[in-house]
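Listing of data_3.cif; format and content: mmCIF, C-alpha atoms.
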data_target
#
loop_
_atom_site.label_atom_id
_atom_site.label_comp_id
_atom_site.auth_asym_id
_atom_site.auth_seq_id
_atom_site.Cartn_x
_atom_site.Cartn_y
_atom_site.Cartn_z
CA MET P 46 64.74 27.92 55.38
CA ALA P 47 68.12 26.59 56.54
CA MET P 48 69.92 28.24 53.63
CA LYS P 49 68.41 31.59 54.59
CA ILE P 50 69.66 31.19 58.17
CA ILE P 51 73.14 30.18 56.98
CA LYS P 52 73.19 33.11 54.56
CA TYR P 53 72.66 35.58 57.40
CA LEU P 54 74.88 33.71 59.87
CA MET P 55 77.77 34.29 57.48
CA PHE P 56 77.74 37.96 58.59
CA VAL P 57 78.83 36.74 62.04
CA ILE P 58 81.00 33.82 60.95
CA ILE P 59 83.20 35.79 58.50
CA PRO P 60 84.51 38.35 61.04
CA SER P 61 84.97 35.65 63.68
CA LEU P 62 87.04 33.53 61.31
CA SER P 63 89.12 36.50 60.20
CA VAL P 64 89.94 37.36 63.84
CA LEU P 65 90.93 33.74 64.53
CA ILE P 66 93.11 33.62 61.41
CA CYS P 67 94.81 36.90 62.34
CA LEU P 68 95.51 35.58 65.84
CA MET P 69 96.81 32.24 64.57
CA PHE P 70 99.18 33.66 61.96
CA ASN P 71 100.18 36.83 63.86
CA PHE P 72 99.43 39.18 60.96
CA ALA P 73 99.93 42.30 63.05
CA GLN P 74 103.43 42.80 64.38
CA GLY P 75 102.26 44.18 67.70
CA GLU P 76 100.09 43.03 70.54
CA LYS P 77 97.07 40.75 70.46
CA VAL P 78 94.77 43.77 70.58
CA GLU P 79 96.13 44.98 67.25
CA GLU P 80 95.62 41.54 65.74
CA ILE P 81 92.03 41.45 66.97
CA VAL P 82 91.32 44.94 65.60
CA PHE P 83 92.94 44.02 62.27
CA GLY P 84 90.83 40.84 62.15
CA ILE P 85 87.63 42.76 62.85
CA MET P 86 88.41 45.33 60.18
CA LEU P 87 89.23 42.59 57.68
CA GLY P 88 86.00 40.81 58.64
CA LEU P 89 83.96 43.95 58.02
CA VAL P 90 85.51 44.38 54.59
CA LEU P 91 84.80 40.75 53.76
CA ASP P 92 81.21 41.20 55.03
CA LEU P 93 80.74 44.15 52.69
CA ILE P 94 82.03 42.10 49.76
CA TYR P 95 79.69 39.24 50.75
CA LEU P 96 76.77 41.67 50.99
CA ILE P 97 77.47 43.07 47.53
CA ILE P 98 77.61 39.55 46.10
CA LEU P 99 74.27 38.70 47.76
CA LEU P 100 72.66 41.86 46.40
CA ILE P 101 73.92 41.22 42.88
CA THR P 102 72.71 37.61 42.85
CA LYS P 103 69.35 38.61 44.32
CA ARG P 104 68.91 41.34 41.72
CA LYS P 105 69.82 38.96 38.87
CA THR P 106 67.38 36.28 40.05
CA SER P 107 64.53 38.79 40.47
CA HIS P 108 65.36 40.30 37.05
CA ASN P 109 65.33 36.85 35.40
CA ARG P 110 61.98 35.93 37.01
CA SER P 111 60.32 39.11 35.72
CA LYS P 112 61.13 38.24 32.09
#
Entire entry expressed as structure tokens:
Amino acid sequence: MAMKIIKYLMFVIIPSLSVLICLMFNFAQGEKVEEIVFGIMLGLVLDLIYLIILLITKRKTSHNRSK
């Protein structure tokens, strides 16, 4: 049960961490707003990658159980 909660909490944690990292290391050369927007966009891309990985692993486990 806890792993399921953590799995779905990662969709909130990943963008939050990417915004914090962008703010800490000043990735954008402009204002803080640009860094926050860049962090959110990076977080969304990382969320999509995480979602694809979850779907692939779920499909493989369900495929292996059906054999």
At a cut-off of 8 Å, using only C-alpha atoms, what residues contact Val64 (chain P)? Leave out same-chain residues fewer than 4 positions from it and give the result as a VMD selection string. chain P and resid 60 68 80 to 85 88
Within 10 Å of Leu96 (chain P) using all atoms listed in the file, minus same-chain residues under 5 positions, as a PDB file with C-alpha atoms, keeping the file's coordinate frame:
ATOM      1  CA  LYS P  52      73.190  33.110  54.560  1.00  0.00           C
ATOM      2  CA  TYR P  53      72.660  35.580  57.400  1.00  0.00           C
ATOM      3  CA  MET P  55      77.770  34.290  57.480  1.00  0.00           C
ATOM      4  CA  PHE P  56      77.740  37.960  58.590  1.00  0.00           C
ATOM      5  CA  VAL P  90      85.510  44.380  54.590  1.00  0.00           C
ATOM      6  CA  LEU P  91      84.800  40.750  53.760  1.00  0.00           C
ATOM      7  CA  ILE P 101      73.920  41.220  42.880  1.00  0.00           C
ATOM      8  CA  THR P 102      72.710  37.610  42.850  1.00  0.00           C
TER       9      THR P 102
END
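Residue nearest Ser61 (chain P), chosen from P:Ile94, P:Lys103, P:Leu87, P:Glu76 and counting only C-alpha atoms: P:Leu87.
As for CA of Ser107 (chain P) and CA of Tyr95 (chain P), they are spaced 18.3 Å apart.
Considering only C-alpha atoms, the residue among P:Glu79, P:Ala47, P:Asn71, P:Leu93 positioned nearest to Ile59 (chain P) is P:Leu93.
Interatomic distance, CA of Leu65 (chain P) against CA of Met46 (chain P): 28.3 Å.
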With distances taken over all atoms listed in the file, which residue among P:Ser111, P:Lys105, P:Met48, P:Leu89 lies nearest Ser63 (chain P)? P:Leu89
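We find CA of Ile50 (chain P) and CA of Arg104 (chain P) to be spaced 19.3 Å apart.
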